[in-house]
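Undergrad: The file below is entry_28.pdb, PDB, C-alpha atoms and all ligand atoms:
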```pdb
ATOM      1  CA  MET A   5      21.100 -22.725 -95.118
ATOM      2  CA  ARG A   6      22.228 -19.691 -93.005
ATOM      3  CA  THR A   7      23.243 -16.536 -94.840
ATOM      4  CA  ASN A   8      26.554 -14.985 -93.890
ATOM      5  CA  PRO A   9      25.893 -11.834 -91.751
ATOM      6  CA  PHE A  10      28.380  -9.855 -93.879
ATOM      7  CA  THR A  11      26.437 -10.745 -97.031
ATOM      8  CA  LEU A  12      23.229  -9.636 -95.328
ATOM      9  CA  ARG A  13      24.822  -6.353 -94.228
ATOM     10  CA  ARG A  14      26.144  -5.737 -97.731
ATOM     11  CA  LEU A  15      22.710  -6.455 -99.212
ATOM     12  CA  ARG A  16      20.939  -4.162 -96.727
ATOM     13  CA  ASN A  17      23.407  -1.290 -97.220
ATOM     14  CA  SER A  18      23.395  -1.619-101.015
ATOM     15  CA  LEU A  19      19.597  -1.648-101.050
ATOM     16  CA  LEU A  20      19.463   1.430 -98.831
ATOM     17  CA  THR A  21      22.026   3.263-100.989
ATOM     18  CA  GLY A  22      20.070   2.342-104.117
ATOM     19  CA  LEU A  23      16.818   3.611-102.595
ATOM     20  CA  VAL A  24      18.415   6.904-101.538
ATOM     21  CA  ALA A  25      19.839   7.298-105.063
ATOM     22  CA  ILE A  26      16.404   6.695-106.636
ATOM     23  CA  GLY A  27      14.827   9.112-104.124
ATOM     24  CA  LEU A  28      17.357  11.817-105.006
ATOM     25  CA  CYS A  29      16.730  11.369-108.744
ATOM     26  CA  TRP A  30      12.990  11.674-108.153
ATOM     27  CA  VAL A  31      13.276  14.779-105.941
ATOM     28  CA  THR A  32      15.574  16.387-108.538
ATOM     29  CA  GLU A  33      13.091  15.697-111.345
ATOM     30  CA  VAL A  34      10.190  17.146-109.331
ATOM     31  CA  GLY A  35      12.265  20.172-108.268
ATOM     32  CA  ARG A  36      13.389  20.923-111.837
ATOM     33  CA  SER A  37       9.853  20.560-113.187
ATOM     34  CA  ARG A  38       8.850  23.288-110.691
ATOM     35  CA  PHE A  39      11.778  25.503-111.743
ATOM     36  CA  TYR A  40      13.657  25.304-108.469
ATOM     37  CA  ASP A  41      17.440  25.796-108.699
ATOM     38  CA  VAL A  42      18.019  22.180-107.660
ATOM     39  CA  SER A  43      21.665  22.144-108.820
ATOM     40  CA  PHE A  44      22.492  24.785-106.231
ATOM     41  CA  TYR A  45      21.126  22.673-103.358
ATOM     42  CA  LEU A  46      22.637  19.483-104.784
ATOM     43  CA  GLY A  47      25.987  21.285-104.802
ATOM     44  CA  TYR A  48      25.665  21.913-101.084
ATOM     45  CA  LEU A  49      24.604  18.312-100.526
ATOM     46  CA  LEU A  50      27.646  17.059-102.458
ATOM     47  CA  ALA A  51      29.984  19.403-100.575
ATOM     48  CA  GLY A  52      28.523  18.151 -97.280
ATOM     49  CA  MET A  53      28.967  14.524 -98.322
ATOM     50  CA  ILE A  54      32.580  15.173 -99.346
ATOM     51  CA  LEU A  55      33.235  16.937 -96.042
ATOM     52  CA  PHE A  56      31.805  13.965 -94.176
ATOM     53  CA  LEU A  57      33.897  11.521 -96.235
ATOM     54  CA  ALA A  58      36.999  13.596 -95.462
ATOM     55  CA  ALA A  59      36.101  13.606 -91.749
ATOM     56  CA  PHE A  60      36.886   9.890 -91.734
ATOM     57  CA  ASN A  61      40.537  10.898 -91.492
ATOM     58  CA  LEU A  62      39.839  12.882 -88.312
ATOM     59  CA  ARG A  63      37.831   9.992 -86.850
ATOM     60  CA  LYS A  64      40.802   7.682 -87.401
ATOM     61  CA  LYS A  65      43.044  10.116 -85.543
ATOM     62  CA  LEU A  66      40.659  10.514 -82.608
ATOM     63  CA  THR A  67      41.537   7.729 -80.228
ATOM     64  CA  THR A  68      40.526   9.332 -76.915
ATOM     65  CA  PHE A  69      37.122  10.817 -77.791
ATOM     66  CA  ARG A  70      35.551   8.321 -80.108
ATOM     67  CA  VAL A  71      32.433   9.145 -82.118
ATOM     68  CA  GLY A  72      30.947   5.865 -83.350
ATOM     69  CA  THR A  73      32.868   2.664 -84.081
ATOM     70  CA  SER A  74      35.585   2.469 -86.733
ATOM     71  CA  ALA A  75      33.713  -0.313 -88.532
ATOM     72  CA  GLY A  76      30.533   1.810 -88.588
ATOM     73  CA  TRP A  77      32.402   4.803 -89.992
ATOM     74  CA  LEU A  78      34.056   2.669 -92.653
ATOM     75  CA  GLN A  79      30.721   1.179 -93.777
ATOM     76  CA  PHE A  80      29.137   4.619 -93.903
ATOM     77  CA  HIS A  81      32.178   5.988 -95.752
ATOM     78  CA  LEU A  82      31.990   3.275 -98.415
ATOM     79  CA  TYR A  83      28.285   3.615 -99.165
ATOM     80  CA  LEU A  84      28.257   7.406 -98.923
ATOM     81  CA  GLY A  85      31.285   7.436-101.259
ATOM     82  CA  LEU A  86      29.425   5.184-103.711
ATOM     83  CA  LEU A  87      26.425   7.527-103.605
ATOM     84  CA  THR A  88      28.476  10.603-104.546
ATOM     85  CA  PRO A  89      28.592   9.920-108.338
ATOM     86  CA  VAL A  90      24.781  10.028-108.393
ATOM     87  CA  VAL A  91      24.691  13.386-106.570
ATOM     88  CA  PHE A  92      27.583  14.629-108.710
ATOM     89  CA  GLY A  93      25.749  13.567-111.905
ATOM     90  CA  LEU A  94      22.502  15.227-110.804
ATOM     91  CA  HIS A  95      24.398  18.368-109.756
ATOM     92  CA  THR A  96      26.060  18.698-113.184
ATOM     93  CA  SER A  97      22.961  17.396-115.087
ATOM     94  CA  TRP A  98      25.067  14.412-116.220
ATOM     95  CA  ALA A  99      27.255  16.624-118.415
ATOM     96  CA  TRP A 100      30.986  17.308-118.234
ATOM     97  CA  PRO A 101      31.418  20.985-117.170
ATOM     98  CA  ASN A 102      32.595  23.597-119.681
ATOM     99  CA  GLY A 103      34.597  25.968-117.465
ATOM    100  CA  LYS A 104      38.290  25.184-116.909
ATOM    101  CA  PHE A 105      38.075  25.453-113.117
ATOM    102  CA  GLU A 106      34.976  23.231-112.982
ATOM    103  CA  GLN A 107      36.697  20.704-115.244
ATOM    104  CA  VAL A 108      39.649  20.498-112.841
ATOM    105  CA  LEU A 109      37.248  20.092-109.921
ATOM    106  CA  ALA A 110      35.258  17.402-111.744
ATOM    107  CA  GLY A 111      38.529  15.663-112.712
ATOM    108  CA  ILE A 112      39.873  15.638-109.169
ATOM    109  CA  TYR A 113      36.549  14.379-107.840
ATOM    110  CA  THR A 114      36.542  11.546-110.420
ATOM    111  CA  VAL A 115      40.115  10.513-109.578
ATOM    112  CA  THR A 116      39.358  10.623-105.826
ATOM    113  CA  PHE A 117      36.278   8.468-106.333
ATOM    114  CA  LEU A 118      38.193   5.964-108.476
ATOM    115  CA  SER A 119      41.058   5.907-105.967
ATOM    116  CA  GLY A 120      38.489   5.052-103.276
ATOM    117  CA  VAL A 121      37.167   2.130-105.324
ATOM    118  CA  TYR A 122      40.729   0.948-105.994
ATOM    119  CA  GLY A 123      41.494   1.271-102.256
ATOM    120  CA  LEU A 124      38.468  -0.826-101.415
ATOM    121  CA  TYR A 125      39.873  -3.557-103.647
ATOM    122  CA  LEU A 126      43.380  -3.203-102.114
ATOM    123  CA  THR A 127      42.201  -3.223 -98.497
ATOM    124  CA  ARG A 128      40.158  -6.377 -99.151
ATOM    125  CA  LYS A 129      42.759  -8.252-101.186
ATOM    126  CA  LEU A 130      46.205  -7.450 -99.756
ATOM    127  CA  PRO A 131      45.632  -8.561 -96.126
ATOM    128  CA  ARG A 132      44.687 -12.019 -97.482
ATOM    129  CA  PHE A 133      48.008 -12.192 -99.376
ATOM    130  CA  LEU A 134      49.922 -11.038 -96.306
ATOM    131  CA  THR A 135      48.459 -13.707 -94.010
ATOM    132  CA  ARG A 136      49.386 -16.413 -96.526
ATOM    133  CA  LEU A 137      53.090 -15.455 -96.431
ATOM    134  CA  PRO A 138      55.394 -17.584 -94.242
ATOM    135  CA  VAL A 139      56.977 -14.465 -92.643
ATOM    136  CA  GLU A 140      55.579 -11.588 -90.626
ATOM    137  CA  LEU A 141      56.984  -8.109 -90.915
ATOM    138  CA  ILE A 142      56.612  -4.871 -89.010
ATOM    139  CA  TYR A 143      57.012  -2.315 -91.788
ATOM    140  CA  GLU A 144      59.635  -0.252 -89.958
ATOM    141  CA  GLN A 145      61.764  -3.363 -89.315
ATOM    142  CA  TYR A 146      62.325  -4.193 -92.975
ATOM    143  CA  ASP A 147      65.887  -2.754 -93.004
ATOM    144  CA  GLN A 148      66.828  -4.913 -90.051
ATOM    145  CA  GLN A 149      65.687  -8.075 -91.863
ATOM    146  CA  PHE A 150      67.374  -6.913 -95.077
ATOM    147  CA  HIS A 151      70.788  -6.586 -93.386
ATOM    148  CA  SER A 152      70.470  -9.695 -91.265
ATOM    149  CA  ILE A 153      69.715 -11.916 -94.309
ATOM    150  CA  LYS A 154      72.502 -10.288 -96.295
ATOM    151  CA  ASN A 155      74.978 -10.895 -93.458
ATOM    152  CA  GLU A 156      73.902 -14.524 -93.037
ATOM    153  CA  ALA A 157      74.325 -15.136 -96.772
ATOM    154  CA  THR A 158      77.717 -13.413 -96.815
ATOM    155  CA  SER A 159      78.987 -15.725 -94.072
ATOM    156  CA  GLU A 160      77.694 -18.769 -95.946
ATOM    157  CA  ILE A 161      79.337 -17.575 -99.138
ATOM    158  CA  ARG A 162      82.641 -16.734 -97.442
ATOM    159  CA  ALA A 163      82.774 -20.249 -96.072
ATOM    160  CA  SER A 164      82.103 -21.761 -99.478
ATOM    161  CA  ILE A 165      84.624 -19.706-101.495
ATOM    162  CA  GLY A 166      87.663 -21.731-102.335
ATOM    163  CA  MET A 167      86.002 -24.969-101.263
ATOM    164  CA  SER A 168      85.028 -26.094-104.704
ATOM    165  CA  GLY A 169      87.091 -23.823-106.900
ATOM    166  CA  ASP A 170      85.205 -22.283-109.788
ATOM    167  CA  VAL A 171      81.795 -23.732-109.014
ATOM    168  CA  SER A 172      80.864 -21.486-106.093
ATOM    169  CA  GLU A 173      82.303 -18.300-107.615
ATOM    170  CA  LYS A 174      79.889 -18.550-110.502
ATOM    171  CA  TYR A 175      76.760 -18.134-108.432
ATOM    172  CA  VAL A 176      78.242 -15.960-105.655
ATOM    173  CA  LYS A 177      78.004 -12.753-107.676
ATOM    174  CA  ARG A 178      74.349 -13.259-108.524
ATOM    175  CA  VAL A 179      73.371 -14.150-104.973
ATOM    176  CA  ILE A 180      75.255 -11.171-103.503
ATOM    177  CA  ARG A 181      73.775  -8.842-106.101
ATOM    178  CA  PHE A 182      70.247 -10.026-105.321
ATOM    179  CA  LEU A 183      70.683  -9.732-101.562
ATOM    180  CA  SER A 184      72.458  -6.354-101.506
ATOM    181  CA  ARG A 185      70.151  -4.476-103.838
ATOM    182  CA  ARG A 186      66.866  -2.809-102.970
ATOM    183  CA  ARG A 187      63.901  -3.566-105.187
ATOM    184  CA  THR A 188      62.960  -1.036-107.826
ATOM    185  CA  ILE A 189      59.815   1.109-107.805
ATOM    186  CA  PHE A 190      58.378  -1.241-110.467
ATOM    187  CA  TYR A 191      58.634  -4.155-108.072
ATOM    188  CA  TYR A 192      56.855  -2.101-105.385
ATOM    189  CA  LEU A 193      54.095  -1.285-107.837
ATOM    190  CA  TRP A 194      53.876  -4.797-109.218
ATOM    191  CA  PRO A 195      55.602  -7.335-106.921
ATOM    192  CA  THR A 196      56.360 -10.706-108.557
ATOM    193  CA  ILE A 197      58.423 -13.792-107.701
ATOM    194  CA  TYR A 198      60.073 -13.789-111.115
ATOM    195  CA  LYS A 199      63.601 -12.855-109.885
ATOM    196  CA  ARG A 200      63.459 -15.284-106.992
ATOM    197  CA  ARG A 201      62.435 -18.115-109.283
ATOM    198  CA  ARG A 202      65.187 -17.354-111.775
ATOM    199  CA  LEU A 203      67.883 -17.135-109.114
ATOM    200  CA  ILE A 204      66.778 -20.307-107.375
ATOM    201  CA  ASN A 205      66.702 -22.195-110.679
ATOM    202  CA  HIS A 206      70.206 -20.890-111.340
ATOM    203  CA  LEU A 207      71.413 -22.158-107.949
ATOM    204  CA  ARG A 208      69.796 -25.532-108.564
ATOM    205  CA  SER A 209      71.705 -25.921-111.805
ATOM    206  CA  TYR A 210      74.854 -26.257-109.619
ATOM    207  CA  HIS A 211      73.466 -29.120-107.563
ATOM    208  CA  ARG A 212      74.926 -31.801-109.789
ATOM    209  CA  TYR A 213      78.492 -30.427-109.513
ATOM    210  CA  ALA A 214      78.362 -29.778-105.788
ATOM    211  CA  SER A 215      79.919 -31.841-103.027
ATOM    212  CA  ALA A 216      77.614 -32.866-100.146
ATOM    213  CA  GLU A 217      78.820 -29.902 -98.071
ATOM    214  CA  GLU A 218      78.367 -27.385-100.859
ATOM    215  CA  TYR A 219      74.993 -28.861-101.707
ATOM    216  CA  ALA A 220      73.872 -28.080 -98.134
ATOM    217  CA  ARG A 221      75.160 -24.508 -98.551
ATOM    218  CA  LEU A 222      73.304 -24.070-101.812
ATOM    219  CA  GLU A 223      70.130 -25.184-100.088
ATOM    220  CA  ARG A 224      70.754 -22.773 -97.217
ATOM    221  CA  LEU A 225      71.293 -19.907 -99.678
ATOM    222  CA  GLU A 226      68.107 -20.891-101.466
ATOM    223  CA  GLN A 227      66.205 -20.595 -98.180
ATOM    224  CA  LEU A 228      67.746 -17.173 -97.519
ATOM    225  CA  ILE A 229      66.788 -15.959-100.991
ATOM    226  CA  ALA A 230      63.222 -17.206-100.487
ATOM    227  CA  ARG A 231      63.028 -15.542 -97.060
ATOM    228  CA  ARG A 232      64.367 -12.247 -98.404
ATOM    229  CA  ASP A 233      61.884 -12.402-101.272
ATOM    230  CA  ASP A 234      59.029 -13.031 -98.811
ATOM    231  CA  TYR A 235      60.083  -9.957 -96.792
ATOM    232  CA  ASP A 236      60.338  -7.910 -99.988
ATOM    233  CA  PHE A 237      56.856  -9.013-100.981
ATOM    234  CA  HIS A 238      55.466  -8.182 -97.530
ATOM    235  CA  HIS A 239      57.169  -4.786 -97.588
ATOM    236  CA  ALA A 240      55.930  -3.999-101.093
ATOM    237  CA  LEU A 241      52.306  -4.848-100.263
ATOM    238  CA  GLN A 242      52.375  -2.764 -97.075
ATOM    239  CA  TRP A 243      54.029   0.079 -98.993
ATOM    240  CA  LYS A 244      51.279  -0.116-101.617
ATOM    241  CA  LEU A 245      48.599   0.292 -98.957
ATOM    242  CA  ARG A 246      50.432   3.229 -97.397
ATOM    243  CA  ALA A 247      51.040   4.869-100.768
ATOM    244  CA  TRP A 248      47.373   4.444-101.635
ATOM    245  CA  ILE A 249      46.169   6.053 -98.358
ATOM    246  CA  PHE A 250      48.629   8.904 -98.917
ATOM    247  CA  GLY A 251      47.288   9.456-102.460
ATOM    248  CA  HIS A 252      43.627   9.182-101.401
ATOM    249  CA  LEU A 253      44.235  11.734 -98.631
ATOM    250  CA  ALA A 254      46.224  14.131-100.842
ATOM    251  CA  LEU A 255      43.391  14.045-103.404
ATOM    252  CA  THR A 256      40.840  14.590-100.630
ATOM    253  CA  TRP A 257      42.530  17.738 -99.270
ATOM    254  CA  SER A 258      43.120  19.128-102.773
ATOM    255  CA  MET A 259      39.472  18.514-103.634
ATOM    256  CA  LEU A 260      38.277  20.189-100.418
ATOM    257  CA  ALA A 261      40.316  23.297-101.245
ATOM    258  CA  LEU A 262      38.818  23.415-104.759
ATOM    259  CA  VAL A 263      35.287  22.799-103.415
ATOM    260  CA  LEU A 264      35.699  25.793-101.103
ATOM    261  CA  MET A 265      36.852  27.997-103.995
ATOM    262  CA  HIS A 266      33.964  26.708-106.118
ATOM    263  CA  LEU A 267      31.481  27.670-103.382
ATOM    264  CA  VAL A 268      32.916  31.172-103.137
ATOM    265  CA  LEU A 269      32.787  31.601-106.940
ATOM    266  CA  VAL A 270      29.214  30.316-107.149
ATOM    267  CA  HIS A 271      28.075  32.794-104.475
ATOM    268  CA  LEU A 272      29.914  35.644-106.187
ATOM    269  CA  TYR A 273      28.111  34.856-109.452
ATOM    270  CA  ARG A 274      24.707  34.411-107.874
ATOM    271  CA  GLY A 275      24.956  37.509-105.709
ATOM    272  CA  SER A 276      23.535  37.608-102.188
ATOM    273  CA  TYR A 277      20.354  35.837-101.060
TER
HETATM  274  C1  LIG B 301      34.798  10.710-103.338
HETATM  275  C2  LIG B 301      35.114  11.193-102.199
HETATM  276  C3  LIG B 301      35.927  10.493-101.143
HETATM  277  C4  LIG B 301      36.645  11.140-100.191
HETATM  278  C5  LIG B 301      36.746  12.638-100.008
HETATM  279  C6  LIG B 301      37.299  10.147 -99.371
HETATM  280  C7  LIG B 301      38.131  10.407 -98.297
HETATM  281  C8  LIG B 301      38.720   9.464 -97.475
HETATM  282  C9  LIG B 301      39.480   9.732 -96.291
HETATM  283  C10 LIG B 301      39.790  11.112 -95.750
HETATM  284  C11 LIG B 301      39.897   8.551 -95.772
HETATM  285  C12 LIG B 301      40.715   8.346 -94.499
HETATM  286  C13 LIG B 301      42.157   8.054 -94.853
HETATM  287  C14 LIG B 301      42.993   7.861 -93.595
HETATM  288  O1  LIG B 301      43.120   8.797 -92.837
HETATM  289  O2  LIG B 301      43.515   6.768 -93.415
HETATM  290  C15 LIG B 301      39.399   7.509 -96.627
HETATM  291  C16 LIG B 301      39.635   6.160 -96.450
HETATM  292  C17 LIG B 301      39.112   5.199 -97.247
HETATM  293  N1  LIG B 301      38.262   5.362 -98.308
HETATM  294 FE1  LIG B 301      37.612   7.122 -99.062
HETATM  295  N2  LIG B 301      36.965   8.899 -99.833
HETATM  296  C18 LIG B 301      36.118   9.063-100.899
HETATM  297  C19 LIG B 301      35.505   8.063-101.632
HETATM  298  C20 LIG B 301      35.676   6.714-101.400
HETATM  299  C21 LIG B 301      35.028   5.683-102.142
HETATM  300  C22 LIG B 301      34.043   5.879-103.287
HETATM  301  C23 LIG B 301      35.471   4.505-101.627
HETATM  302  C24 LIG B 301      35.125   3.107-102.025
HETATM  303  C25 LIG B 301      33.942   2.699-102.360
HETATM  304  C26 LIG B 301      36.413   4.800-100.572
HETATM  305  C27 LIG B 301      37.107   3.853 -99.853
HETATM  306  C28 LIG B 301      37.940   4.132 -98.813
HETATM  307  C29 LIG B 301      38.635   3.113 -98.049
HETATM  308  C30 LIG B 301      38.605   1.598 -98.304
HETATM  309  C31 LIG B 301      39.374   3.792 -97.065
HETATM  310  C32 LIG B 301      40.343   3.186 -96.050
HETATM  311  C33 LIG B 301      39.613   2.603 -94.892
HETATM  312  C34 LIG B 301      40.573   1.911 -93.969
HETATM  313  O3  LIG B 301      41.252   2.594 -93.218
HETATM  314  O4  LIG B 301      40.639   0.689 -94.037
HETATM  315  N3  LIG B 301      36.514   6.163-100.452
HETATM  316  N4  LIG B 301      38.686   8.089 -97.658
END
```
Show this structure as structure tokens.
Ligand code: HEM
TA:
Amino acid sequence: MRTNPFTLRRLRNSLLTGLVAIGLCWVTEVGRSRFYDVSFYLGYLLAGMILFLAAFNLRKKLTTFRVGTSAGWLQFHLYLGLLTPVVFGLHTSWAWPNGKFEQVLAGIYTVTFLSGVYGLYLTRKLPRFLTRLPVELIYEQYDQQFHSIKNEATSEIRASIGMSGDVSEKYVKRVIRFLSRRRTIFYYLWPTIYKRRRLINHLRSYHRYASAEEYARLERLEQLIARRDDYDFHHALQWKLRAWIFGHLALTWSMLALVLMHLVLVHLYRGSY
């Protein structure tokens, strides 16, 4: 049986990260037993690692002068990121800091780390959902699709009004409301097909009263609702990825600013060397 090369790579990188972590713990122990100020040097190591992690943003922007492959940078980013809690723990002697400023710094580091882990999950899971959808969407073209589906449905509905008296008017309002409204922030955070299912079930409840012509229209509207819902879902998942990157970056820059202030404060306290 052949092992998947990605599994092998993951195994190799995890093993290497684990070994580096064990090595760092050992060096710290030895250093502390000899009364070296290991925390000071670990602080610089952590700051360097964070700077390197943040440099991933610059690498993504550099398209002309490339330094290493994107895939290589991403792999390094992930494993270096996963190593930071060990260096952070050793730096703070596995204790939550007492000072207010240090607590804010530790808090922002923790949230940035957790956002990275969450992003790893998102970037692995969402593309699989997107490829399973029956529609494709360029993020910026969502509005175009929104209006085109709404206009198609309005023409269908206009044609059906008056054809079967009361029957069509009963569902028209709900269909128009669904197609003219944007989704709420809750949908973007947690997209579901609940509304689509409810509306389609509602439309289907009219099947038995409908003439052959109106039945065809109901089916057409059902397809439009499903298509609009697929675009909404696509849009929401892409938005989630963008919002996550934005948050991860905002946390990164805030943390870098605090790290810089922390370095200045530490040197002020220690005096010159
Ligand atoms: C703790 C310090 C960390 C910092 C300062 C940091 C910083 C960054 C930066 C600057 C980017 C580039 C964003 C962009 O321009 O698009 C990025 C992307 C990313 N980070 Fe982190 N990160 C950290 C930890 C982590 C961790 C622990 C993980 C997961 C194990 C992680 C996973 C990711 C992923 C998946 C991306 C997006 C890669 C892509 O474009 O597909 N990060 N991070």
Undergrad: Could you list, as a PDB file with C-alpha atoms, in the frame of the given file, every residue within 12 Å of Val121 (chain A), counting all atoms listed in the file and ignoring same-chain residues fewer than 3 positions away?
TA:
```
ATOM      1  CA  HIS A  81      32.178   5.988 -95.752  1.00  0.00           C
ATOM      2  CA  LEU A  82      31.990   3.275 -98.415  1.00  0.00           C
ATOM      3  CA  TYR A  83      28.285   3.615 -99.165  1.00  0.00           C
ATOM      4  CA  GLY A  85      31.285   7.436-101.259  1.00  0.00           C
ATOM      5  CA  LEU A  86      29.425   5.184-103.711  1.00  0.00           C
ATOM      6  CA  PRO A  89      28.592   9.920-108.338  1.00  0.00           C
ATOM      7  CA  THR A 114      36.542  11.546-110.420  1.00  0.00           C
ATOM      8  CA  VAL A 115      40.115  10.513-109.578  1.00  0.00           C
ATOM      9  CA  THR A 116      39.358  10.623-105.826  1.00  0.00           C
ATOM     10  CA  PHE A 117      36.278   8.468-106.333  1.00  0.00           C
ATOM     11  CA  LEU A 118      38.193   5.964-108.476  1.00  0.00           C
ATOM     12  CA  LEU A 124      38.468  -0.826-101.415  1.00  0.00           C
ATOM     13  CA  TYR A 125      39.873  -3.557-103.647  1.00  0.00           C
ATOM     14  CA  LEU A 126      43.380  -3.203-102.114  1.00  0.00           C
ATOM     15  CA  THR A 127      42.201  -3.223 -98.497  1.00  0.00           C
ATOM     16  CA  ARG A 128      40.158  -6.377 -99.151  1.00  0.00           C
ATOM     17  CA  TRP A 248      47.373   4.444-101.635  1.00  0.00           C
ATOM     18  CA  HIS A 252      43.627   9.182-101.401  1.00  0.00           C
TER      19      HIS A 252
END
```
Undergrad: Quick check on the file I pasted: which residues fall under the PyMOL selection byres (((chain A and resi 95) around 9) and not hetatm)? Write them as a compact mmCIF listing (two decimals) with C-alpha atoms, in the coordinates of the input.
TA:
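Writing the result to out.txt gives the following:
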```txt
# COMPACT_ATOMS: atom_id res chain seq x y z
CA VAL A 42 18.02 22.18 -107.66
CA SER A 43 21.66 22.14 -108.82
CA PHE A 44 22.49 24.78 -106.23
CA TYR A 45 21.13 22.67 -103.36
CA LEU A 46 22.64 19.48 -104.78
CA GLY A 47 25.99 21.28 -104.80
CA LEU A 50 27.65 17.06 -102.46
CA VAL A 90 24.78 10.03 -108.39
CA VAL A 91 24.69 13.39 -106.57
CA PHE A 92 27.58 14.63 -108.71
CA GLY A 93 25.75 13.57 -111.90
CA LEU A 94 22.50 15.23 -110.80
CA THR A 96 26.06 18.70 -113.18
CA SER A 97 22.96 17.40 -115.09
CA TRP A 98 25.07 14.41 -116.22
```
Undergrad: Which centre and which edge lengths, in Å to one decimal, describe the axis-aligned box that holds all listed atoms of region 85-98 of chain A after 8 Å is added on each side, as JSON?
TA:
```
{"center_x": 26.9, "center_y": 11.9, "center_z": -108.7, "size_x": 24.8, "size_y": 29.5, "size_z": 31.0}
```
Undergrad: Apply the PyMOL selection byres (((chain A and resi 256) around 10) and not hetatm) to the file shown and report the selected residues as a PyMOL selection string.
TA: chain A and resi 54-55+57-58+61+112-113+115-117+250-255+257-262
Undergrad: For Val108 (chain A), which residue out of A:Leu241, A:His266, A:Thr88, A:Leu203 is the nearest one, using only C-alpha atoms?
TA: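 Counting only C-alpha atoms, the residue closest to Val108 (chain A) is A:His266.
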Undergrad: So, with all atoms listed in the file as the atoms that count, which of A:Ala163, A:Leu207, A:Leu15, A:Ala247 lies closest to ligand LIG 301 (chain B)?
TA: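 Comparing A:Ala163, A:Leu207, A:Leu15, A:Ala247 against ligand LIG 301 (chain B), the winner is A:Ala247.
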Undergrad: Exactly which residues make up the result of the PyMOL selection byres (((chain A and resi 143-147) around 9) and not hetatm) on this file, given as a VMD selection string?
TA: chain A and resid 141 to 142 148 to 152 235 to 236 238 to 239 242 to 243
Undergrad: Could you jot down the atom N1 of ligand LIG 301 (chain B) to CA of Gly123 (chain A) separation for me, Å, one decimal place?
TA: 6.5 Å
Undergrad: Quick one: pull the distance between atom O1 of ligand LIG 301 (chain B) and CA of Leu12 (chain A), Å, one decimal.
TA: 27.2 Å
Undergrad: Given all atoms listed in the file as the basis, pick out the residue of A:Ser184, A:Arg178, A:Ser215, A:Arg232 nearest to Val139 (chain A).
TA: A:Arg232
